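J.: Take a look at my_file_29.tsv, TSV, C-alpha atoms and all ligand atoms:
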```tsv
chain	number	residue	atom	x	y	z
H	1	MET	CA	-3.42	21.64	28.33
H	2	SER	CA	-6.86	20.10	27.70
H	3	THR	CA	-8.43	16.69	28.04
H	4	VAL	CA	-9.65	14.59	25.13
H	5	THR	CA	-11.63	11.36	25.22
H	6	PHE	CA	-10.32	8.52	23.08
H	7	LYS	CA	-12.50	5.53	22.25
H	8	VAL	CA	-9.99	2.78	21.57
H	9	PHE	CA	-10.82	-0.69	20.27
H	10	ARG	CA	-9.96	-3.37	22.83
H	11	GLY	CA	-10.35	-6.96	21.77
H	12	ASP	CA	-9.12	-9.72	19.55
H	13	ARG	CA	-10.24	-11.97	16.68
H	14	SER	CA	-13.24	-13.15	18.65
H	15	GLY	CA	-14.59	-9.64	19.15
H	16	GLY	CA	-14.20	-6.53	21.24
H	17	GLU	CA	-15.50	-3.08	22.01
H	18	LEU	CA	-14.50	0.57	22.17
H	19	LYS	CA	-13.26	1.64	25.61
H	20	ASP	CA	-13.06	5.24	26.80
H	21	TYR	CA	-9.80	6.80	27.96
H	22	THR	CA	-9.30	10.43	28.93
H	23	VAL	CA	-5.95	11.89	27.94
H	24	GLU	CA	-4.36	15.22	28.85
H	25	VAL	CA	-3.14	16.54	25.52
H	26	GLN	CA	-0.43	19.06	24.85
H	27	GLU	CA	0.50	21.09	21.81
H	28	GLY	CA	2.17	19.05	19.07
H	29	MET	CA	0.86	15.66	20.17
H	30	VAL	CA	-0.01	13.01	17.60
H	31	VAL	CA	-2.49	10.16	18.01
H	32	LEU	CA	0.34	7.71	18.75
H	33	ASP	CA	1.44	9.94	21.67
H	34	ALA	CA	-2.06	9.66	23.11
H	35	ILE	CA	-2.02	5.88	22.70
H	36	HIS	CA	1.37	5.73	24.44
H	37	GLN	CA	0.02	7.89	27.26
H	38	ILE	CA	-2.92	5.53	27.67
H	39	GLN	CA	-0.50	2.60	27.77
H	40	ALA	CA	1.70	4.34	30.34
H	41	GLU	CA	-1.02	5.53	32.67
H	42	GLN	CA	-4.20	3.52	32.21
H	43	ALA	CA	-3.90	0.38	30.09
H	44	PRO	CA	-0.41	-1.18	30.03
H	45	ASP	CA	-1.79	-4.16	28.12
H	46	LEU	CA	-3.09	-2.05	25.20
H	47	ALA	CA	-1.49	-3.52	22.07
H	48	CYS	CA	-0.36	-1.35	19.18
H	49	ARG	CA	2.43	-1.66	16.65
H	50	TRP	CA	4.92	1.15	16.09
H	51	ASN	CA	8.60	1.63	15.60
H	52	CYS	CA	9.94	4.87	14.11
H	53	LYS	CA	7.41	7.53	15.12
H	54	ALA	CA	8.49	9.33	11.97
H	55	GLY	CA	6.17	7.98	9.27
H	56	LYS	CA	8.83	5.70	7.83
H	57	CYS	CA	8.46	2.20	9.25
H	58	GLY	CA	4.83	1.75	8.20
H	59	SER	CA	3.89	0.00	11.45
H	60	CYS	CA	1.34	2.25	13.11
H	61	GLY	CA	-1.55	2.21	10.62
H	62	ALA	CA	-5.00	2.48	12.20
H	63	GLU	CA	-8.39	4.07	11.57
H	64	VAL	CA	-8.74	7.38	13.40
H	65	ASN	CA	-12.31	8.66	13.34
H	66	GLY	CA	-12.84	6.19	10.50
H	67	LYS	CA	-9.96	7.49	8.42
H	68	PRO	CA	-7.08	5.10	7.70
H	69	THR	CA	-3.86	6.85	8.67
H	70	LEU	CA	-0.49	6.51	10.36
H	71	MET	CA	-1.04	7.31	14.04
H	72	CYS	CA	2.42	8.82	14.36
H	73	MET	CA	1.73	11.32	11.58
H	74	THR	CA	-1.76	12.37	12.68
H	75	ARG	CA	-1.52	15.48	14.80
H	76	LEU	CA	-4.34	16.03	17.25
H	77	ASP	CA	-4.74	19.64	16.09
H	78	THR	CA	-5.81	18.33	12.68
H	79	ILE	CA	-8.80	16.40	14.00
H	80	ASP	CA	-11.91	17.41	15.93
H	81	THR	CA	-11.07	16.69	19.56
H	82	SER	CA	-14.18	18.39	20.92
H	83	LYS	CA	-15.85	14.99	20.47
H	84	PRO	CA	-14.44	11.59	21.41
H	85	VAL	CA	-11.78	10.39	18.98
H	86	THR	CA	-12.21	6.77	17.87
H	87	VAL	CA	-9.15	4.63	17.16
H	88	ARG	CA	-9.72	1.24	15.57
H	89	PRO	CA	-7.42	-1.31	13.92
H	90	MET	CA	-7.28	-1.59	10.12
H	91	LYS	CA	-10.47	-3.35	9.11
H	92	THR	CA	-9.18	-5.39	6.17
H	93	PHE	CA	-6.82	-7.55	8.20
H	94	PRO	CA	-7.60	-9.87	11.12
H	95	VAL	CA	-7.11	-8.34	14.55
H	96	ILE	CA	-4.39	-9.91	16.64
H	97	ARG	CA	-5.16	-7.75	19.64
H	98	ASP	CA	-6.45	-4.22	20.10
H	99	LEU	CA	-4.80	-2.05	17.41
H	100	ALA	CA	-2.39	-4.71	16.10
H	101	THR	CA	-3.50	-6.53	12.97
H	102	ASP	CA	-2.16	-9.59	11.19
H	103	VAL	CA	-0.85	-8.40	7.82
H	104	LYS	CA	1.00	-11.55	6.80
H	105	TRP	CA	-1.38	-12.12	3.88
H	106	ASN	CA	0.45	-9.30	2.08
H	107	TYR	CA	3.72	-11.20	2.28
H	108	GLU	CA	2.07	-14.39	1.07
H	109	ALA	CA	0.49	-12.59	-1.91
H	110	ASN	CA	3.86	-10.99	-2.63
H	111	LYS	CA	5.20	-14.43	-3.53
H	112	LYS	CA	3.10	-14.32	-6.72
H	113	ILE	CA	5.39	-11.60	-8.10
H	114	LYS	CA	8.45	-12.86	-9.93
H	115	PRO	CA	11.63	-11.19	-8.63
H	116	PHE	CA	13.87	-8.74	-10.43
H	117	THR	CA	15.46	-10.53	-13.38
H	118	PRO	CA	18.20	-8.82	-15.40
H	119	ALA	CA	19.28	-10.09	-18.83
H	120	PRO	CA	22.32	-12.39	-18.84
H	121	ASN	CA	25.55	-10.38	-19.02
H	122	THR	CA	23.68	-7.11	-18.53
H	123	ASP	CA	25.95	-4.06	-18.54
H	124	TRP	CA	24.08	-2.39	-15.62
H	125	ILE	CA	23.95	0.95	-17.40
H	126	MET	CA	20.76	2.88	-16.72
H	127	TYR	CA	19.58	6.28	-17.85
H	128	GLN	CA	18.49	8.71	-15.16
H	129	GLU	CA	15.02	9.10	-16.70
H	130	ASP	CA	14.52	5.33	-16.38
H	131	VAL	CA	15.64	5.40	-12.75
H	132	ASP	CA	13.32	8.33	-12.02
H	133	ARG	CA	10.34	6.40	-13.38
H	134	VAL	CA	10.53	3.65	-10.76
H	135	GLN	CA	11.95	5.72	-7.91
H	136	GLU	CA	8.48	6.81	-6.80
H	137	PHE	CA	7.44	3.20	-6.26
H	138	ARG	CA	10.49	2.52	-4.09
H	139	LYS	CA	9.21	5.03	-1.52
H	140	CYS	CA	6.60	2.53	-0.32
H	141	ILE	CA	6.90	1.91	3.45
H	142	GLU	CA	4.55	-1.10	3.41
H	143	CYS	CA	2.05	0.46	5.77
H	144	PHE	CA	-0.72	-1.39	3.89
H	145	LEU	CA	-3.14	1.51	4.28
H	146	CYS	CA	-3.85	1.26	0.54
H	147	GLN	CA	-4.65	-2.44	0.91
H	148	ASN	CA	-6.86	-1.55	3.86
H	149	VAL	CA	-9.05	0.89	1.93
H	150	CYS	CA	-9.29	-0.96	-1.38
H	151	HIS	CA	-12.89	-2.15	-1.62
H	152	VAL	CA	-11.86	-5.34	-3.43
H	153	LEU	CA	-10.04	-6.45	-0.29
H	154	ARG	CA	-11.99	-4.54	2.36
H	155	GLU	CA	-15.61	-5.10	1.28
H	156	HIS	CA	-15.31	-8.16	-0.94
H	157	ASP	CA	-12.45	-9.89	0.89
H	158	GLU	CA	-11.01	-10.95	-2.49
H	159	LYS	CA	-7.65	-12.05	-1.13
H	160	THR	CA	-7.36	-15.11	-3.36
H	161	GLY	CA	-7.59	-13.56	-6.81
H	162	PHE	CA	-6.29	-10.00	-6.23
H	163	ILE	CA	-2.96	-8.77	-4.92
H	164	GLY	CA	-4.08	-5.22	-4.07
H	165	PRO	CA	-2.61	-1.78	-4.75
H	166	ARG	CA	0.57	-2.16	-2.68
H	167	LEU	CA	1.59	-5.22	-4.65
H	168	LEU	CA	0.56	-3.66	-7.94
H	169	VAL	CA	2.97	-0.85	-7.06
H	170	ARG	CA	5.70	-3.41	-6.42
H	171	THR	CA	4.93	-5.14	-9.71
H	172	ALA	CA	5.14	-1.79	-11.50
H	173	SER	CA	8.54	-1.11	-9.92
H	174	LEU	CA	9.80	-4.35	-11.46
H	175	GLU	CA	7.95	-4.21	-14.80
H	176	MET	CA	9.17	-0.66	-15.45
H	177	HIS	CA	12.71	-1.32	-14.26
H	178	PRO	CA	14.98	-0.57	-17.24
H	179	LEU	CA	17.10	-3.69	-16.75
H	180	ASP	CA	14.38	-6.20	-15.90
H	181	VAL	CA	13.43	-8.69	-18.61
H	182	GLU	CA	10.84	-10.80	-16.75
H	183	ASN	CA	7.22	-10.76	-17.96
H	184	ARG	CA	4.60	-10.49	-15.21
H	185	LEU	CA	1.58	-9.74	-17.41
H	186	ASP	CA	0.12	-13.22	-17.09
H	187	MET	CA	0.30	-12.95	-13.29
H	188	LEU	CA	-1.33	-9.51	-13.40
H	189	LYS	CA	-4.18	-10.74	-15.59
H	190	ASN	CA	-4.81	-13.97	-13.69
H	191	GLU	CA	-3.78	-14.54	-10.06
H	192	GLY	CA	-2.89	-10.84	-9.62
H	193	GLY	CA	-6.45	-9.88	-10.59
H	194	ILE	CA	-5.69	-6.41	-11.94
H	195	GLY	CA	-9.08	-6.46	-13.69
H	196	TYR	CA	-10.76	-6.18	-10.28
H	197	CYS	CA	-9.40	-2.65	-9.89
H	198	ASN	CA	-11.90	-0.10	-11.15
H	199	ILE	CA	-9.63	2.89	-10.56
H	200	THR	CA	-11.53	4.43	-7.66
H	201	LYS	CA	-8.22	5.97	-6.45
H	202	CYS	CA	-9.07	5.38	-2.76
H	203	CYS	CA	-5.64	3.77	-2.41
H	204	THR	CA	-3.86	6.85	-3.75
H	205	GLU	CA	-5.76	9.12	-1.37
H	206	VAL	CA	-4.47	7.40	1.76
H	207	CYS	CA	-0.86	6.76	0.74
H	208	PRO	CA	1.37	8.57	3.25
H	209	GLU	CA	4.22	8.56	0.73
H	210	HIS	CA	1.99	10.26	-1.86
H	211	ILE	CA	2.72	7.60	-4.45
H	212	HIS	CA	0.46	8.05	-7.48
H	213	ILE	CA	-0.67	4.45	-7.17
H	214	THR	CA	-3.43	4.49	-9.75
H	215	ASP	CA	-2.09	6.95	-12.31
H	216	ASN	CA	1.56	5.89	-12.37
H	217	ALA	CA	1.41	2.20	-11.42
H	218	ILE	CA	-1.99	0.57	-11.96
H	219	ILE	CA	-3.16	2.30	-15.13
H	220	PRO	CA	0.13	1.69	-17.04
H	221	LEU	CA	0.03	-1.95	-15.92
H	222	LYS	CA	-3.58	-2.26	-17.08
H	223	GLU	CA	-2.54	-0.82	-20.44
H	224	ARG	CA	0.20	-3.42	-20.78
H	225	VAL	CA	-2.22	-6.23	-20.00
H	226	VAL	CA	-4.72	-4.89	-22.55
H	227	ASP	CA	-1.99	-4.55	-25.18
H	228	GLU	CA	-0.77	-8.07	-24.52
H	229	TYR	CA	-4.08	-9.90	-24.40
H	230	TYR	CA	-6.59	-7.78	-26.25
H	231	ASP	CA	-4.56	-6.03	-28.98
H	232	PRO	CA	-3.61	-8.84	-31.39
H	233	VAL	CA	-1.15	-6.77	-33.45
H	234	LEU	CA	0.82	-5.38	-30.51
H	235	GLY	CA	0.68	-8.73	-28.74
H	236	PHE	CA	2.09	-10.44	-31.83
H	237	PHE	CA	5.04	-8.05	-32.09
H	238	ARG	CA	5.78	-8.19	-28.38
H	239	ARG	CA	5.81	-11.97	-28.42
H	240	LEU	CA	7.99	-11.87	-31.55
H	241	PHE	CA	10.57	-9.43	-30.23
H	242	GLY	CA	10.12	-9.99	-26.50
H	243	SER	CA	10.11	-6.24	-25.84
H	244	LYS	CA	8.71	-4.75	-22.67
H	245	LYS	CA	6.53	-1.71	-23.05
H	246	ARG	CA	7.33	1.15	-20.73
H	247	ALA	CA	5.91	4.55	-19.93
H	248	GLU	CA	7.95	7.63	-20.77
H	249	PRO	CA	8.44	10.21	-17.99
H	250	SER	CA	5.93	12.45	-19.71
H	251	GLY	CA	3.26	9.82	-19.01
H	252	GLN	CA	3.13	8.75	-22.63
H	253	ALA	CA	3.95	5.18	-23.57
H	254	ALA	CA	6.76	3.97	-25.77
H	255	ASP	CA	8.16	0.60	-26.74
H	256	ASP	CA	11.70	-0.33	-25.82
Y	1	LIG	S1	-7.95	2.23	-7.51
Y	1	LIG	FE1	-8.05	-0.01	-7.69
Y	1	LIG	S2	-6.51	-0.78	-6.26
Y	1	LIG	FE2	-6.91	1.38	-5.71
Y	1	LIG	S3	-8.52	1.29	-4.12
Y	1	LIG	FE3	-9.57	1.52	-6.11
Y	1	LIG	S4	-10.04	-0.58	-6.79
Y	1	LIG	FE4	-8.48	-0.74	-5.16
Y	2	LIG	S1	1.79	2.24	-1.59
Y	2	LIG	FE1	1.58	3.86	-0.03
Y	2	LIG	S2	-0.26	3.28	1.16
Y	2	LIG	FE2	0.38	1.46	0.01
Y	2	LIG	S3	1.69	0.31	1.40
Y	2	LIG	FE3	3.05	1.64	0.18
Y	2	LIG	S4	3.28	3.51	1.36
Y	2	LIG	FE4	1.53	2.41	2.24
Y	3	LIG	S1	5.66	4.47	13.95
Y	3	LIG	FE1	6.71	4.19	12.05
Y	3	LIG	S2	5.27	4.89	10.58
Y	3	LIG	FE2	4.35	5.35	12.48
```
Render the structure in this file as structure tokens.

T.:
Amino acid sequence: MSTVTFKVFRGDRSGGELKDYTVEVQEGMVVLDAIHQIQAEQAPDLACRWNCKAGKCGSCGAEVNGKPTLMCMTRLDTIDTSKPVTVRPMKTFPVIRDLATDVKWNYEANKKIKPFTPAPNTDWIMYQEDVDRVQEFRKCIECFLCQNVCHVLREHDEKTGFIGPRLLVRTASLEMHPLDVENRLDMLKNEGGIGYCNITKCCTEVCPEHIHITDNAIIPLKERVVDEYYDPVLGFFRRLFGSKKRAEPSGQAADD
């Protein structure tokens, strides 16, 4: 057993500071264990959000030594505990208190995305390769770590004209669904703000579900927007036949 100092943000929307807590750590502990120990023994009013402690509910996102991560999946033996470990709330969203942030903007922005819309009298037959294409996107646990690191939201606070990587993933799951016939390209180009994304891939790097956010969701969506609005020939045929362009499993693109 050894002791580690944690510098944990304590405060609210009006401000706050890092406070030191010394924790006796044991083999196998994760950051969330340390936070729970602090709550149990030193600061019962320390606020943090968690639920599953298994990396599946998406609740416990925070910035540990400056790195956005799930606290329940960050083992202490993977970080340098010879120096104080800082734990701060996600920066992109307003602090409610301590480590709990207000992420409701994500649910408001989500309303811009038209829901799943099958064709009338659809036969509900899908090919496995079409199911596989969108399955990756369905793994999202809505931790919002990708939203937290995206510079468009984090540095530029562009929450009016950009929906962020999480919601681009959700849009991709609908646009690439084999039975969906809705067209969300206008939303992506305008209020969704896909043009703001400059493919830095920071979102992909932090995704705990290892979703290929940029390569498999954002880039194919960008291609569809370009085809629709900047390729007059393709745009003409798509408007004429109403087809939705989809990516093949190989990563190549093909028209339905
Ligand atoms: S790739 Fe795009 S969405 Fe992802 S972090 Fe970079 S700018 Fe944001
Ligand atoms: S795409 Fe990944 S990082 Fe973004 S909210 Fe979903 S699980 Fe979290
Ligand atoms: S507590 Fe559920 S993801 Fe960490």

J.: Which residue out of H:Asp12, H:Asp180, H:Glu24, H:Glu175 has the minimum interatomic distance to Pro220 (chain H) when all atoms listed in the file are used?

T.: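 Once distances to Pro220 (chain H) are computed over all atoms listed in the file, the minimum belongs to H:Glu175.
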
J.: Any residue with an atom at most 8 Å from ligand LIG 2 (chain Y) counts, using all atoms listed in the file. Which are they? Put them as a list in words.

T.: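 With all atoms listed in the file and a cut-off of 8 Å, ligand LIG 2 (chain Y) is contacted by Gly58, Phe137, Lys139, Cys140, Ile141, Glu142, Cys143, Phe144, Leu145, Cys146, Gln147, Pro165, Arg166, Val169, Cys203, Thr204, Val206, Cys207, Pro208, Glu209, His210, Ile211 and Ile213 of chain H.
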
J.: If the limit is 7 Å from any atom of ligand LIG 1 (chain Y), counting only C-alpha atoms and all ligand atoms, which residues qualify? Return them as a PyMOL selection string.

T.: chain H and resi 146+149-152+164-165+196-204+214

J.: Using Å and a single decimal, report how far CA of Gln42 (chain H) sits from CA of Ser82 (chain H).

T.: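 Calculated distance between CA of Ser82 (chain H) and CA of Gln42 (chain H) is 21.2 Å.
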
J.: Counting only C-alpha atoms and all ligand atoms, which protein, DNA or RNA residues come within 12 Å of ligand LIG 3 (chain Y), given as number ranges by chain?

T.: H: 30-33, 35-36, 48-62, 69-75, 140-145, 207-209

J.: I'd like the interatomic distance between CA of Asn106 (chain H) and CA of Phe162 (chain H), to a tenth of an Å.

T.: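 Interatomic distance here is 10.7 Å.
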
J.: Pick from H:Lys112, H:Lys159, H:Arg170, H:His177: nearest to Glu129 (chain H), with all atoms listed in the file counted?

T.: H:His177

J.: With only C-alpha atoms counted, which protein, DNA or RNA residues have an atom no more than 10 Å from (3.5, -10.1, -15.8) in the file frame? Please answer as a list in words.

T.: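 The answer, in the requested form, is Ile113, Lys114, Thr171, Ala172, Leu174, Glu175, Glu182, Asn183, Arg184, Leu185, Asp186, Met187, Leu188, Lys189, Asn190, Gly192, Leu221, Arg224, Val225 and Glu228 of chain H.
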
J.: Please report the interatomic distance between CA of Thr160 (chain H) and CA of Lys104 (chain H) in Å with one decimal.

T.: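 A separation of 13.6 Å between them.
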
J.: Of the candidates H:Ile79, H:Val25, H:Ala43, H:Ile125, which shows the shortest atom-to-atom distance to Pro178 (chain H), using all atoms listed in the file?

T.: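 Of the candidates, the smallest distance to Pro178 (chain H) is held by H:Ile125.
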
J.: Counting all atoms listed in the file, which of H:Glu17, H:Leu153, H:Leu179, H:Asp80 gets nearest to Met126 (chain H)?

T.: H:Leu179

J.: May I have the residues within 9 Å of Lys7 (chain H) as a JSON list (two decimals) with C-alpha atoms, in the coordinates of the input, using only C-alpha atoms and disregarding those fewer than 2 positions away in the same chain?

T.:
```json
[["chain", "number", "residue", "atom", "x", "y", "z"],
["H", 5, "THR", "CA", -11.63, 11.36, 25.22],
["H", 9, "PHE", "CA", -10.82, -0.69, 20.27],
["H", 18, "LEU", "CA", -14.50, 0.57, 22.17],
["H", 19, "LYS", "CA", -13.26, 1.64, 25.61],
["H", 20, "ASP", "CA", -13.06, 5.24, 26.80],
["H", 21, "TYR", "CA", -9.80, 6.80, 27.96],
["H", 22, "THR", "CA", -9.30, 10.43, 28.93],
["H", 84, "PRO", "CA", -14.44, 11.59, 21.41],
["H", 85, "VAL", "CA", -11.78, 10.39, 18.98],
["H", 86, "THR", "CA", -12.21, 6.77, 17.87],
["H", 87, "VAL", "CA", -9.15, 4.63, 17.16],
["H", 88, "ARG", "CA", -9.72, 1.24, 15.57]]
```

J.: Would you please work out which residue, of H:Val23, H:Ala47, H:Val131, H:Met90, is nearest to Thr3 (chain H) when using only C-alpha atoms?

T.: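 Checking each candidate against Thr3 (chain H), we get H:Val23 as the closest.
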
J.: From the set H:Pro120, H:Leu46, H:Asp98, H:Gln26, which residue has the shortest atom-to-atom contact distance to Gly11 (chain H), counting only C-alpha atoms?

T.: H:Asp98

J.: Would you list the contacts of Arg13 (chain H) as a JSON list (two decimals) with C-alpha atoms, in the frame of the given file, taking every protein, DNA or RNA residue within 8 Å and counting only C-alpha atoms, but skipping same-chain residues closer than 3 positions in sequence?

T.:
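Wrote it out as out36.json, contents follow:
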```json
[["chain", "number", "residue", "atom", "x", "y", "z"],
["H", 94, "PRO", "CA", -7.60, -9.87, 11.12],
["H", 95, "VAL", "CA", -7.11, -8.34, 14.55],
["H", 96, "ILE", "CA", -4.39, -9.91, 16.64],
["H", 97, "ARG", "CA", -5.16, -7.75, 19.64]]
```
